[in-house]
Amino acid sequence: MRNAVNDGIWSGSWVAQRLGVELVGDDGLRSLLGLALRRNPKRAHLLVSNVLGKHVPQSPSVVYGHGVRLGRRVAGLLGGAETARAVVLGYAETATGLGHAVADGLGTAPYLHSTRRPVAGVVRAGGFEESHSHATSHLLLPEDPALLAGDGPLVLVDDEFSTGNTVLNTVRDLHARYPRERYVVVALVDMRSARDVDRMKRFATEIGARVDLVAAASGTVRLPPDVLEKGRQLVARHEDAGRGPAAAGRTNPYGRTDLHWPHRLPDGGRHGFTPAHRARLEAALPGMAARLAGALPASARRVLLLGFEELMYAPLRLACELERITEAEVRFSTTTRSPVLALDDPGYAIRTRLVFPAHDDPADGPGERYAYNVAGAGFDAVVAVVDSVADTPALHAPDGLAAQLAAHVPHVLLAVVPSYVPEPQHASERQAMPPEPLRGPAFSSYAPDDVGWLLQDLSDVTLEAPTEEREEAIQSGGAHYAESLPVEYQPSEQYQELFQAALDASAARIAQAVGVVTETVLAERSPRPVLVSLARAGTPVGVLMRRWAQFRHGLDLPHYAVSIVRGRGIDATALRWLAAHHDPRDVVFVDGWTGKGAITRELAEAVEEFERAEGIAGFDPEIAVLADPGSCVRTYGTREDFLIPSACLNSTVSGLISRTVLRADLVGPDDFHGAKFYRELAGSDVSVAFLDAVAARFPEVADAAGTAAKELMAEDRTPTWAGWRAVERISEEYGIHDVNLVKPGVGETTRVLLRRVPWKILARKGAGADLDHVRLLAQQRGVPVEEVGGLPYTCVGLIHPQYTRGATGADGRAVNV
């Protein structure tokens with residue numbers, strides 16, 4: 001069996017001949033409908049649509065096109081003014097995708113479909129019964145309670161009208177709650193009898209409203225008096241005939257593909273789908289379809305996109321886009337709750353069925369679910385699209401949907417769309433959205449497009465404390481380091497000259513590392529990443545990566561800076577803001593360098609806690625860094641420990657922004673962390689000069705960076721955490737016994753000399769010009785520099801573990817501040 005619809009043979013002939021059923025009506029009706037039998041005491045036959053995309057795999061453009069054309073006919077019937085006020089309501093589960101396509105055809109109409117899945121916290125706006133269905137109860141659960149309350153036309157969409165009872169039940173319920181003057185009923189086929197047509201006319205008169213009907217075709221089904229008993233006997237006789245071919249213990253492996261579904265974009269109309277949602281989906285579809293195409297094997301010439309019960313629209317639109325961009329023959333259908341007899345006969349609409357247990361913990365309890373006309377249909381690959389509520393162990397069980405598909409199709413992929421979690425209904429329950437990011441020149445000396453700071457401005461608050469007092473308070477446990485700021489160190493003229501010399505010598509080296517890490521991010525993390533630098537050391541690197549993407553690829557990447565505090569985690573308010581404005585899966589966290597990897601671990605733990613507390617998933621905690629001497633991450637520009645000139649200075653190379661502040665009396669639970677803008681230091685600012693000097697070297701290193709990135713991505717970059725082990729060894733050897741007081745690497749050592757009270761500096765024997773600035777700072781502060789062999793870093797800064805004012809080091813030398 002390849003197609004359920006066969007040229008020259010009507011797929012309803014088997015039922016028609018055995019039950020005496022007649023299908024009469026418009027020309028072409030038989031091309032739209034076939035017939036099957038089902039286990040249902042209320043109706044023996046099932047009208048099987050060839051263009052709905054439910055039971056019969058069909059070209060997605062055909063499925064979507066029928067719905068859109070119906071929507072355009074409705075728009076022509078209503079006219080512009082009424083179309084602008086219309087709301088579309090579809091029926092679960094069969095017509096959820098069709099109703100959505102009709103709404104698309106109207107262009108500006110919001111869409112809602114009924115559901116059989118209750119959702120905690122969503123107030124029921126209505127409900128009705130579908131008398132002929134085996135699952136009868138429908139719920140209406142719009143996130144916006146006002147969605148159905150307007151007085152514009154209500155457009156009701158179902159796949160077929162057999163008696164009109166479902167529509168009457170719906171209108172009766174809704175008209176009592178939200179009366180209006182006009183209803184439009186839409187279906188692929190209108191199969192009502194003359195008596196049913198008259199009944200609807202009388203009903204419209206009774207409620208005092210106009211009810212119009214739009215259908216692609218019309219006709220009637222003529223049934224003999226004994227059709228139910230004959231149908232029951234036929235079903236009993238052929239019950240097991242159409243189950244999919246036996247798997248015989250064979251199951252092909254199946255995989256997953258990440259669609260990068262936009263954050264908080266509904267997967268359909270279960271809780272409402274607005275024109276704004278539609279615009280977001282249209283923008284994201286090409287990228288998602290491209291990811292699907294890339295995940296499919298090149299040999300797949302016939303591909304099925306299989307939706308999941310009510311989840312029809314999202315996989316349908318993905319299938320349409322995949323059909324557009326690939327040469328493969330793409331088909332679309334969905335799984336269903338409806339039990340239908342399968343029989344492998346060209347005159348029967350349902351040729352095979354796969355049976356598997358429900359896998360979304362349905363409110364009506366466990367039961368069987370079905371996929372029709374999939375087994376034996378000649379598909380090379382199936383992409384099963386489910387929502388995250390349905391991504392359960394039952395989906396992956398030995399008798400589950402994934403295994404059933406993999407037993408009959410060579411290649412199976414699972415794509416999971418995040419289940420939409422509606423916003424709280426009451427304003428008092430909603431968290432206030434924090435303000436927009438701060439930008440230069442009002443906050444920082446960077447250009448407005450360089451970076452948006454997800455911080456609050458504490459420039460007018462006195463936060464600085466003498467370095468000795470801060471160190472004593474931090475080590476005694478009396479205060480956290482993020483509750484105050486060190487007095488901003490102002491470099492001497494000699495030190496500024498050293499910085500400039502270091503920049504001249506290393507600009508090309510830094511530029512190449514920027515290129516390598518950016519190319520790696522674009523290739524492995526996201527084609528359009530959202531760069532989120534960890535303020536403040538990561539911010540210059542994030543700006544440079546953004547500039548590389550513009551220079552090399554013409555990409556204008558968003559870039560933000562957020563606060564992360566050791567022992568306190570990342571700014572959760574900033575993550576909420578990012579999740580509301582971007583897909584978390586596109587976010588790439590950026591830092592300058594790794595030391596021992598404490599922030600790497602801090603970020604991983606913080607993101608895990610955020611997902612658990614907020615229910616917002618998708619953030620990848622792996623940091624992309626310019627230099628990874630500690631071997632703590634997979635995404636880096638280099639693992640060499642060399643001088644990055646932005647580590648030589650404080651705010652004057654970081655946009656004149658302080659390090660971040662987290663103090664309970666200044667930062668509330670829904671506030672961004674804070675920072676200061678040192679406007680008064682503008683005369684010493686080299687932030688933009690540093691960026692320009694590095695970016696000027698991009699052209700000369702572009703080819704080398706591209707080659708190095710490709711070579712790096714082919715290597716095993718699994719973190720070894722060698723730096724962490726070295727720090728633990730040094731902590732014990734020097735009697736410190738606290739890894740937080742060991743600061744490895746050139747960057748961390750520089751920060752110790754600029755912001756803390758250092759005890760001594762360990763320098764690798766033979767280290768040259770990369771340590772000139774460290775030696776100068778150490779000389780100015782009276783800190784000894786000890787050369788040692790076998791050091792994995794170029795240098796390490798040590799803070800004495802029992803600092804008090806006037807303390808002496810182990811060598812008897814006073815700690816000079």
# chains A, B, ... in the order shown; residues from 1 in each chain; ligands from 1
$ select_by_dssp --residues "segment 102-195 of chain A" --states "strand (DSSP E)" --output "list in words"
Tyr111, Leu112, His113, Gly126, Gly127, Phe128, Glu129, Ser137, His138, Leu139, Leu140, Leu154, Val155, Leu156, Val157, Asp158, Asp159, Glu160, Phe161, Arg182, Tyr183, Val184, Val185, Val186, Ala187, Leu188, Val189 and Asp190 of chain A
$ residues_around --residues "segment 676-682 of chain A" --least-positions-apart "4" --cutoff "10 Å" --atoms "only C-alpha atoms" --output "list of chain:residue names"
A:Pro441, A:Ala442, A:Phe443, A:Ser444, A:Ser445, A:Leu455, A:Gln456, A:Asp457, A:Leu458, A:Ser459, A:Asp460, A:Val461, A:Thr462, A:Leu463, A:Leu485, A:Glu488, A:Gln490, A:Ser651, A:Thr652, A:Gly655, A:Leu656, A:Ile657, A:Ser658, A:Arg659, A:Thr660, A:Val661, A:Val686, A:Ser687
$ select_by_dssp --residues "segment 75-123 of chain A" --states "alpha helix (DSSP H)" --output "PDB file with all heavy atoms, in the first residue's frame"
ATOM      1  N   ALA A  75     -14.121  35.835   4.144  1.00  0.00           N
ATOM      2  CA  ALA A  75     -13.794  37.262   4.120  1.00  0.00           C
ATOM      3  C   ALA A  75     -14.607  37.981   3.050  1.00  0.00           C
ATOM      4  O   ALA A  75     -15.089  39.111   3.258  1.00  0.00           O
ATOM      5  CB  ALA A  75     -12.298  37.452   3.881  1.00  0.00           C
ATOM      6  N   GLY A  76     -14.788  37.342   1.884  1.00  0.00           N
ATOM      7  CA  GLY A  76     -15.603  37.939   0.835  1.00  0.00           C
ATOM      8  C   GLY A  76     -17.064  38.047   1.228  1.00  0.00           C
ATOM      9  O   GLY A  76     -17.750  39.016   0.881  1.00  0.00           O
ATOM     10  N   LEU A  77     -17.549  37.085   1.994  1.00  0.00           N
ATOM     11  CA  LEU A  77     -18.936  37.109   2.458  1.00  0.00           C
ATOM     12  C   LEU A  77     -19.161  38.203   3.488  1.00  0.00           C
ATOM     13  O   LEU A  77     -20.182  38.903   3.468  1.00  0.00           O
ATOM     14  CB  LEU A  77     -19.283  35.741   3.057  1.00  0.00           C
ATOM     15  CG  LEU A  77     -20.672  35.592   3.700  1.00  0.00           C
ATOM     16  CD1 LEU A  77     -21.760  35.653   2.630  1.00  0.00           C
ATOM     17  CD2 LEU A  77     -20.752  34.273   4.465  1.00  0.00           C
ATOM     18  N   LEU A  78     -18.205  38.384   4.392  1.00  0.00           N
ATOM     19  CA  LEU A  78     -18.375  39.345   5.480  1.00  0.00           C
ATOM     20  C   LEU A  78     -18.098  40.783   5.052  1.00  0.00           C
ATOM     21  O   LEU A  78     -18.722  41.718   5.554  1.00  0.00           O
ATOM     22  CB  LEU A  78     -17.438  38.983   6.644  1.00  0.00           C
ATOM     23  CG  LEU A  78     -17.725  37.679   7.377  1.00  0.00           C
ATOM     24  CD1 LEU A  78     -16.651  37.434   8.431  1.00  0.00           C
ATOM     25  CD2 LEU A  78     -19.100  37.704   8.024  1.00  0.00           C
ATOM     26  N   GLY A  80     -14.980  43.873   4.478  1.00  0.00           N
ATOM     27  CA  GLY A  80     -13.818  44.324   5.226  1.00  0.00           C
ATOM     28  C   GLY A  80     -14.098  44.667   6.671  1.00  0.00           C
ATOM     29  O   GLY A  80     -13.356  44.279   7.583  1.00  0.00           O
ATOM     30  N   ALA A  81     -15.167  45.413   6.938  1.00  0.00           N
ATOM     31  CA  ALA A  81     -15.439  45.875   8.301  1.00  0.00           C
ATOM     32  C   ALA A  81     -15.721  44.709   9.243  1.00  0.00           C
ATOM     33  O   ALA A  81     -15.192  44.653  10.363  1.00  0.00           O
ATOM     34  CB  ALA A  81     -16.614  46.846   8.292  1.00  0.00           C
ATOM     35  N   GLU A  82     -16.546  43.780   8.809  1.00  0.00           N
ATOM     36  CA  GLU A  82     -16.874  42.648   9.683  1.00  0.00           C
ATOM     37  C   GLU A  82     -15.715  41.660   9.782  1.00  0.00           C
ATOM     38  O   GLU A  82     -15.504  41.044  10.833  1.00  0.00           O
ATOM     39  CB  GLU A  82     -18.132  41.948   9.175  1.00  0.00           C
ATOM     40  CG  GLU A  82     -19.420  42.696   9.471  1.00  0.00           C
ATOM     41  CD  GLU A  82     -20.647  41.807   9.311  1.00  0.00           C
ATOM     42  OE1 GLU A  82     -20.833  41.275   8.195  1.00  0.00           O
ATOM     43  OE2 GLU A  82     -21.387  41.646  10.295  1.00  0.00           O
ATOM     44  N   THR A  83     -14.966  41.495   8.705  1.00  0.00           N
ATOM     45  CA  THR A  83     -13.801  40.603   8.760  1.00  0.00           C
ATOM     46  C   THR A  83     -12.823  41.067   9.821  1.00  0.00           C
ATOM     47  O   THR A  83     -12.218  40.260  10.546  1.00  0.00           O
ATOM     48  CB  THR A  83     -13.107  40.534   7.390  1.00  0.00           C
ATOM     49  OG1 THR A  83     -14.005  39.956   6.437  1.00  0.00           O
ATOM     50  CG2 THR A  83     -11.833  39.702   7.450  1.00  0.00           C
ATOM     51  N   ALA A  84     -12.650  42.390   9.935  1.00  0.00           N
ATOM     52  CA  ALA A  84     -11.716  42.941  10.907  1.00  0.00           C
ATOM     53  C   ALA A  84     -12.131  42.639  12.344  1.00  0.00           C
ATOM     54  O   ALA A  84     -11.299  42.682  13.257  1.00  0.00           O
ATOM     55  CB  ALA A  84     -11.587  44.445  10.705  1.00  0.00           C
ATOM     56  N   ARG A  85     -13.414  42.346  12.580  1.00  0.00           N
ATOM     57  CA  ARG A  85     -13.913  42.086  13.933  1.00  0.00           C
ATOM     58  C   ARG A  85     -14.180  40.608  14.180  1.00  0.00           C
ATOM     59  O   ARG A  85     -14.627  40.226  15.259  1.00  0.00           O
ATOM     60  CB  ARG A  85     -15.199  42.883  14.165  1.00  0.00           C
ATOM     61  CG  ARG A  85     -15.006  44.384  14.088  1.00  0.00           C
ATOM     62  CD  ARG A  85     -16.332  45.108  13.893  1.00  0.00           C
ATOM     63  NE  ARG A  85     -17.301  44.736  14.890  1.00  0.00           N
ATOM     64  CZ  ARG A  85     -18.574  44.456  14.644  1.00  0.00           C
ATOM     65  NH1 ARG A  85     -19.026  44.495  13.402  1.00  0.00           N
ATOM     66  NH2 ARG A  85     -19.413  44.146  15.629  1.00  0.00           N
ATOM     67  N   THR A  96      -8.796  21.256  14.162  1.00  0.00           N
ATOM     68  CA  THR A  96      -7.978  22.318  14.760  1.00  0.00           C
ATOM     69  C   THR A  96      -7.074  22.982  13.722  1.00  0.00           C
ATOM     70  O   THR A  96      -6.916  24.195  13.707  1.00  0.00           O
ATOM     71  CB  THR A  96      -7.129  21.762  15.915  1.00  0.00           C
ATOM     72  OG1 THR A  96      -6.295  20.710  15.422  1.00  0.00           O
ATOM     73  CG2 THR A  96      -8.004  21.235  17.032  1.00  0.00           C
ATOM     74  N   GLY A  97      -6.473  22.170  12.853  1.00  0.00           N
ATOM     75  CA  GLY A  97      -5.625  22.732  11.807  1.00  0.00           C
ATOM     76  C   GLY A  97      -6.425  23.412  10.718  1.00  0.00           C
ATOM     77  O   GLY A  97      -6.038  24.474  10.216  1.00  0.00           O
ATOM     78  N   LEU A  98      -7.558  22.832  10.347  1.00  0.00           N
ATOM     79  CA  LEU A  98      -8.409  23.442   9.327  1.00  0.00           C
ATOM     80  C   LEU A  98      -8.909  24.807   9.796  1.00  0.00           C
ATOM     81  O   LEU A  98      -8.880  25.783   9.043  1.00  0.00           O
ATOM     82  CB  LEU A  98      -9.590  22.522   9.026  1.00  0.00           C
ATOM     83  CG  LEU A  98     -10.641  23.075   8.056  1.00  0.00           C
ATOM     84  CD1 LEU A  98     -10.048  23.259   6.669  1.00  0.00           C
ATOM     85  CD2 LEU A  98     -11.864  22.150   8.008  1.00  0.00           C
ATOM     86  N   GLY A  99      -9.378  24.891  11.040  1.00  0.00           N
ATOM     87  CA  GLY A  99      -9.852  26.169  11.554  1.00  0.00           C
ATOM     88  C   GLY A  99      -8.770  27.224  11.565  1.00  0.00           C
ATOM     89  O   GLY A  99      -9.018  28.398  11.247  1.00  0.00           O
ATOM     90  N   HIS A 100      -7.555  26.812  11.905  1.00  0.00           N
ATOM     91  CA  HIS A 100      -6.444  27.751  11.922  1.00  0.00           C
ATOM     92  C   HIS A 100      -6.141  28.251  10.506  1.00  0.00           C
ATOM     93  O   HIS A 100      -5.842  29.430  10.299  1.00  0.00           O
ATOM     94  CB  HIS A 100      -5.211  27.077  12.521  1.00  0.00           C
ATOM     95  CG  HIS A 100      -4.364  28.001  13.312  1.00  0.00           C
ATOM     96  ND1 HIS A 100      -3.741  27.643  14.486  1.00  0.00           N
ATOM     97  CD2 HIS A 100      -4.020  29.293  13.101  1.00  0.00           C
ATOM     98  CE1 HIS A 100      -3.047  28.663  14.949  1.00  0.00           C
ATOM     99  NE2 HIS A 100      -3.189  29.665  14.124  1.00  0.00           N
ATOM    100  N   ALA A 101      -6.207  27.368   9.532  1.00  0.00           N
ATOM    101  CA  ALA A 101      -5.972  27.771   8.146  1.00  0.00           C
ATOM    102  C   ALA A 101      -7.061  28.729   7.667  1.00  0.00           C
ATOM    103  O   ALA A 101      -6.793  29.669   6.911  1.00  0.00           O
ATOM    104  CB  ALA A 101      -5.905  26.540   7.246  1.00  0.00           C
ATOM    105  N   VAL A 102      -8.305  28.501   8.094  1.00  0.00           N
ATOM    106  CA  VAL A 102      -9.388  29.433   7.759  1.00  0.00           C
ATOM    107  C   VAL A 102      -9.091  30.804   8.347  1.00  0.00           C
ATOM    108  O   VAL A 102      -9.268  31.836   7.686  1.00  0.00           O
ATOM    109  CB  VAL A 102     -10.741  28.891   8.266  1.00  0.00           C
ATOM    110  CG1 VAL A 102     -11.829  29.961   8.162  1.00  0.00           C
ATOM    111  CG2 VAL A 102     -11.144  27.655   7.470  1.00  0.00           C
ATOM    112  N   ALA A 103      -8.628  30.844   9.604  1.00  0.00           N
ATOM    113  CA  ALA A 103      -8.265  32.118  10.222  1.00  0.00           C
ATOM    114  C   ALA A 103      -7.159  32.804   9.438  1.00  0.00           C
ATOM    115  O   ALA A 103      -7.173  34.029   9.258  1.00  0.00           O
ATOM    116  CB  ALA A 103      -7.845  31.893  11.675  1.00  0.00           C
ATOM    117  N   ASP A 104      -6.180  32.032   8.962  1.00  0.00           N
ATOM    118  CA  ASP A 104      -5.120  32.620   8.131  1.00  0.00           C
ATOM    119  C   ASP A 104      -5.700  33.198   6.854  1.00  0.00           C
ATOM    120  O   ASP A 104      -5.249  34.237   6.361  1.00  0.00           O
ATOM    121  CB  ASP A 104      -4.071  31.557   7.793  1.00  0.00           C
ATOM    122  CG  ASP A 104      -3.183  31.200   8.979  1.00  0.00           C
ATOM    123  OD1 ASP A 104      -3.348  31.815  10.054  1.00  0.00           O
ATOM    124  OD2 ASP A 104      -2.334  30.305   8.834  1.00  0.00           O
ATOM    125  N   GLY A 105      -6.708  32.514   6.292  1.00  0.00           N
ATOM    126  CA  GLY A 105      -7.337  33.024   5.082  1.00  0.00           C
ATOM    127  C   GLY A 105      -8.048  34.337   5.313  1.00  0.00           C
ATOM    128  O   GLY A 105      -8.093  35.204   4.434  1.00  0.00           O
ATOM    129  N   LEU A 106      -8.630  34.538   6.515  1.00  0.00           N
ATOM    130  CA  LEU A 106      -9.246  35.821   6.840  1.00  0.00           C
ATOM    131  C   LEU A 106      -8.192  36.908   7.029  1.00  0.00           C
ATOM    132  O   LEU A 106      -8.475  38.084   6.831  1.00  0.00           O
ATOM    133  CB  LEU A 106     -10.096  35.707   8.107  1.00  0.00           C
ATOM    134  CG  LEU A 106     -11.589  35.401   7.869  1.00  0.00           C
ATOM    135  CD1 LEU A 106     -11.786  33.952   7.476  1.00  0.00           C
ATOM    136  CD2 LEU A 106     -12.401  35.729   9.107  1.00  0.00           C
TER     137      LEU A 106
END
$ closest_residue --among "A:Leu154, A:Cys795, A:Ala501, A:Val355" --to "Lys743 of chain A" --atoms "only C-alpha atoms"
A:Cys795
$ closest_residue --among "A:Arg302, A:Arg612, A:Glu436, A:Leu498" --to "Arg775 of chain A" --atoms "only C-alpha atoms"
A:Leu498
$ residues_around --residues "Val742 of chain A" --least-positions-apart "3" --cutoff "9 Å" --atoms "only C-alpha atoms" --output "NGL selection string"
:A and (596 or 727-728 or 730-731 or 736 or 738-739 or 749 or 796-799)
$ atom_distance --atom1 "atom CA of Thr594 of chain A" --atom2 "atom CA of Glu483 of chain A"
23.1 Å
$ atom_distance --atom1 "atom CA of Arg663 of chain A" --atom2 "atom CA of Glu464 of chain A"
13.1 Å
$ residues_around --residues "segment 515-525 of chain A" --least-positions-apart "5" --cutoff "6 Å" --atoms "only C-alpha atoms" --output "list in words"
Met545, Tyr636, Gly637, Ala705 and Ala709 of chain A
$ residues_around --residues "Thr794 of chain A" --least-positions-apart "5" --cutoff "9 Å" --atoms "only C-alpha atoms" --output "list of chain:residue names"
A:Glu640, A:Asp641, A:Phe642, A:Pro744, A:Gly745, A:Val746, A:Leu762, A:Ala763, A:Arg764, A:Lys765, A:Ala767, A:Asp770, A:Leu771
$ residues_around --residues "segment 87-90 of chain A" --least-positions-apart "3" --cutoff "7 Å" --atoms "only C-alpha atoms" --output "list in words"
Ala95, Thr96, Gly99, Ala103, Ala109, Pro110, Tyr111, Leu112, His113, Ser114, Pro153, Leu154, Val155, Leu156, Val157 and Asp158 of chain A
$ write_last_selection --atoms "C-alpha atoms" --output "PDB file, in the first residue's frame"
ATOM      1  CA  ALA A  95     -10.561  20.486  12.643  1.00  0.00           C
ATOM      2  CA  THR A  96      -7.978  22.318  14.760  1.00  0.00           C
ATOM      3  CA  GLY A  99      -9.852  26.169  11.554  1.00  0.00           C
ATOM      4  CA  ALA A 103      -8.265  32.118  10.222  1.00  0.00           C
ATOM      5  CA  ALA A 109      -8.739  37.106  12.772  1.00  0.00           C
ATOM      6  CA  PRO A 110      -7.682  35.691  16.139  1.00  0.00           C
ATOM      7  CA  TYR A 111      -8.191  31.950  16.442  1.00  0.00           C
ATOM      8  CA  LEU A 112      -9.301  29.573  19.180  1.00  0.00           C
ATOM      9  CA  HIS A 113     -10.066  25.888  19.025  1.00  0.00           C
ATOM     10  CA  SER A 114     -11.898  23.702  21.483  1.00  0.00           C
ATOM     11  CA  PRO A 153     -18.957  37.642  13.652  1.00  0.00           C
ATOM     12  CA  LEU A 154     -18.017  34.258  15.065  1.00  0.00           C
ATOM     13  CA  VAL A 155     -16.724  31.852  12.402  1.00  0.00           C
ATOM     14  CA  LEU A 156     -17.125  28.184  13.408  1.00  0.00           C
ATOM     15  CA  VAL A 157     -15.040  25.638  11.498  1.00  0.00           C
ATOM     16  CA  ASP A 158     -15.435  21.859  11.377  1.00  0.00           C
TER      17      ASP A 158
END
$ atom_distance --atom1 "atom CA of Asp360 of chain A" --atom2 "atom CA of Val62 of chain A"
29.0 Å
$ closest_residue --among "A:Arg536, A:Arg116, A:His408, A:Arg639" --to "Leu712 of chain A" --atoms "only C-alpha atoms"
A:Arg639
$ residues_around --residues "segment 13-16 of chain A" --least-positions-apart "5" --cutoff "10 Å" --atoms "only C-alpha atoms" --output "JSON, numbers by chain"
{"A": [21, 22, 23, 30, 34, 35, 36, 37, 45, 46, 222, 223, 231, 234, 343, 345, 346, 347, 348, 349]}
$ closest_residue --among "A:Tyr91, A:Ala604, A:Phe672, A:Cys632" --to "Leu575 of chain A" --atoms "only C-alpha atoms"
A:Phe672
